[in-house]
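Participant: Sharing a structure, written as structure tokens. Questions coming.
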Amino acid sequence: MAMLFEKEQLPRRTPLRRMHVVDAGNMPGGGKAIRFKCSRCGHDTGWIVDESSISENKRGRPCPACN
């Protein structure tokens, strides 16, 4: 079976560098807070208000410094 592109020529997006959860907890007012850190460049978000689901947080967020 013939392929439209050879394997080396397939268009591919560059991989997205992600920050991962370092710490999570509750804020004094009762909201949720979370900290992300990039293992590649060391960028740390500090404590931010978290409104995402647990699975989204486990997936990570794109690193603004690496991307």
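Residue numbering restarts at 1 in every chain; chains get A, B, ... in the order shown in the structure tokens, and ligands count up from 1 in that same order.
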If we count only C-alpha atoms and set the cut-off at 9 Å, which residues sit around Lys32 (chain A), ignoring sequence neighbours fewer than 4 positions away in its own chain? Please answer as a compact mmCIF listing (two decimals) with all heavy atoms, in the first residue's frame.

Facilitator:
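So part08.txt came out as:
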# COMPACT_ATOMS: atom_id res chain seq x y z
N ALA A 24 -0.23 21.64 45.94
CA ALA A 24 -1.63 22.06 45.84
C ALA A 24 -2.22 22.08 47.24
O ALA A 24 -1.78 21.35 48.12
CB ALA A 24 -2.41 21.11 44.95
N GLY A 25 -3.22 22.95 47.43
CA GLY A 25 -3.85 23.02 48.74
C GLY A 25 -5.01 23.99 48.74
O GLY A 25 -5.47 24.43 47.70
N ASN A 26 -5.45 24.33 49.94
CA ASN A 26 -6.57 25.25 50.11
C ASN A 26 -6.06 26.62 50.52
O ASN A 26 -5.12 26.74 51.29
CB ASN A 26 -7.53 24.72 51.17
CG ASN A 26 -8.19 23.45 50.73
OD1 ASN A 26 -8.50 23.27 49.57
ND2 ASN A 26 -8.40 22.55 51.67
N MET A 27 -6.73 27.65 50.02
CA MET A 27 -6.40 29.02 50.38
C MET A 27 -7.14 29.38 51.66
O MET A 27 -8.13 28.73 52.01
CB MET A 27 -6.78 29.97 49.25
CG MET A 27 -5.99 29.72 47.99
SD MET A 27 -6.33 30.92 46.72
CE MET A 27 -5.55 32.34 47.38
N ILE A 48 -1.32 29.99 42.48
CA ILE A 48 -2.38 30.56 41.65
C ILE A 48 -3.70 29.91 42.03
O ILE A 48 -3.74 28.78 42.52
CB ILE A 48 -2.10 30.37 40.14
CG1 ILE A 48 -1.89 28.90 39.79
CG2 ILE A 48 -0.90 31.19 39.71
CD1 ILE A 48 -1.73 28.63 38.31
N VAL A 49 -4.79 30.63 41.82
CA VAL A 49 -6.13 30.10 42.10
C VAL A 49 -6.43 29.02 41.08
O VAL A 49 -6.21 29.19 39.88
CB VAL A 49 -7.18 31.22 42.03
CG1 VAL A 49 -8.58 30.66 42.22
CG2 VAL A 49 -6.89 32.28 43.07
N ASP A 50 -6.91 27.89 41.54
CA ASP A 50 -7.15 26.74 40.69
C ASP A 50 -8.64 26.52 40.48
O ASP A 50 -9.37 26.34 41.44
CB ASP A 50 -6.53 25.50 41.32
CG ASP A 50 -6.79 24.25 40.51
OD1 ASP A 50 -6.84 24.35 39.29
OD2 ASP A 50 -6.94 23.17 41.12
N GLU A 51 -9.06 26.53 39.22
CA GLU A 51 -10.45 26.25 38.89
C GLU A 51 -10.55 25.10 37.90
O GLU A 51 -11.60 24.83 37.36
CB GLU A 51 -11.11 27.51 38.32
CG GLU A 51 -11.15 28.64 39.33
CD GLU A 51 -11.68 29.93 38.74
OE1 GLU A 51 -12.01 29.95 37.55
OE2 GLU A 51 -11.76 30.92 39.47

Participant: Pick out the residues sitting within 10 Å of region 5-22 of chain A, and hand them over as a PyMOL selection string; count only C-alpha atoms, and ignore anything fewer than 4 positions along from it in its own chain.

Facilitator: chain A and resi 34-46+57-67

Participant: Give me a file of those residues, with N, CA and C atoms, as a short mmCIF file (atom, residue, chain, number, x, y, z; two decimals), in the first residue's frame.

Facilitator:
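Once written, out29.cif looks like this:
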data_model
loop_
_atom_site.label_atom_id
_atom_site.label_comp_id
_atom_site.auth_asym_id
_atom_site.auth_seq_id
_atom_site.Cartn_x
_atom_site.Cartn_y
_atom_site.Cartn_z
N ILE A 34 -2.85 26.19 43.59
CA ILE A 34 -1.93 25.21 43.03
C ILE A 34 -0.67 25.90 42.54
N ARG A 35 0.44 25.17 42.56
CA ARG A 35 1.73 25.67 42.06
C ARG A 35 2.24 24.74 40.97
N PHE A 36 2.68 25.30 39.84
CA PHE A 36 3.26 24.53 38.75
C PHE A 36 4.72 24.92 38.61
N LYS A 37 5.56 23.95 38.20
CA LYS A 37 6.97 24.22 37.97
C LYS A 37 7.44 23.43 36.75
N CYS A 38 8.27 24.07 35.92
CA CYS A 38 8.83 23.42 34.74
C CYS A 38 10.13 22.74 35.13
N SER A 39 10.24 21.46 34.81
CA SER A 39 11.45 20.72 35.16
C SER A 39 12.61 21.04 34.22
N ARG A 40 12.30 21.63 33.08
CA ARG A 40 13.35 21.94 32.11
C ARG A 40 14.04 23.26 32.42
N CYS A 41 13.26 24.33 32.58
CA CYS A 41 13.85 25.67 32.77
C CYS A 41 13.74 26.17 34.21
N GLY A 42 12.89 25.53 35.02
CA GLY A 42 12.74 25.93 36.41
C GLY A 42 11.70 27.01 36.64
N HIS A 43 10.94 27.40 35.62
CA HIS A 43 9.90 28.43 35.79
C HIS A 43 8.87 27.96 36.81
N ASP A 44 8.55 28.81 37.79
CA ASP A 44 7.60 28.50 38.85
C ASP A 44 6.48 29.53 38.81
N THR A 45 5.23 29.07 38.80
CA THR A 45 4.10 30.00 38.73
C THR A 45 3.81 30.66 40.06
N GLY A 46 4.30 30.10 41.15
CA GLY A 46 3.89 30.56 42.46
C GLY A 46 2.47 30.05 42.70
N ASN A 57 -5.06 19.28 35.64
CA ASN A 57 -3.87 19.66 36.39
C ASN A 57 -2.78 18.59 36.28
N LYS A 58 -3.16 17.31 36.30
CA LYS A 58 -2.18 16.24 36.16
C LYS A 58 -1.53 16.26 34.78
N ARG A 59 -2.26 16.70 33.77
CA ARG A 59 -1.73 16.79 32.41
C ARG A 59 -0.66 17.89 32.33
N GLY A 60 -0.79 18.90 33.16
CA GLY A 60 0.17 20.01 33.16
C GLY A 60 -0.30 21.18 32.34
N ARG A 61 0.44 22.27 32.45
CA ARG A 61 0.13 23.47 31.68
C ARG A 61 1.34 23.84 30.84
N PRO A 62 1.13 24.45 29.67
CA PRO A 62 2.28 24.83 28.84
C PRO A 62 3.18 25.84 29.57
N CYS A 63 4.47 25.65 29.47
CA CYS A 63 5.44 26.55 30.09
C CYS A 63 5.59 27.80 29.24
N PRO A 64 5.36 28.99 29.80
CA PRO A 64 5.49 30.21 29.00
C PRO A 64 6.95 30.53 28.63
N ALA A 65 7.90 30.06 29.42
CA ALA A 65 9.31 30.35 29.13
C ALA A 65 9.86 29.43 28.04
N CYS A 66 9.49 28.15 28.08
CA CYS A 66 10.03 27.18 27.10
C CYS A 66 9.33 27.23 25.76
N ASN A 67 8.07 27.63 25.73
CA ASN A 67 7.32 27.62 24.49
C ASN A 67 7.39 28.98 23.88
#

Participant: Could you pull out all residues of chain A with a DSSP call of strand (DSSP E or B) and give them as a list in words?

Facilitator: Arg18, Met19, His20, Val21, Val22, Asp23, Ala24, Gly25, Asn26, Lys32, Ala33, Ile34, Arg35, Phe36, Lys37, Asp44, Ile48, Val49, Arg61 and Pro62 of chain A

Participant: Determine which residues of chain A receive a DSSP assignment of alpha helix (DSSP H), computed from the backbone, and state them as a list in words.

Facilitator: Ile54, Ser55, Glu56, Asn57, Lys58 and Arg59 of chain A
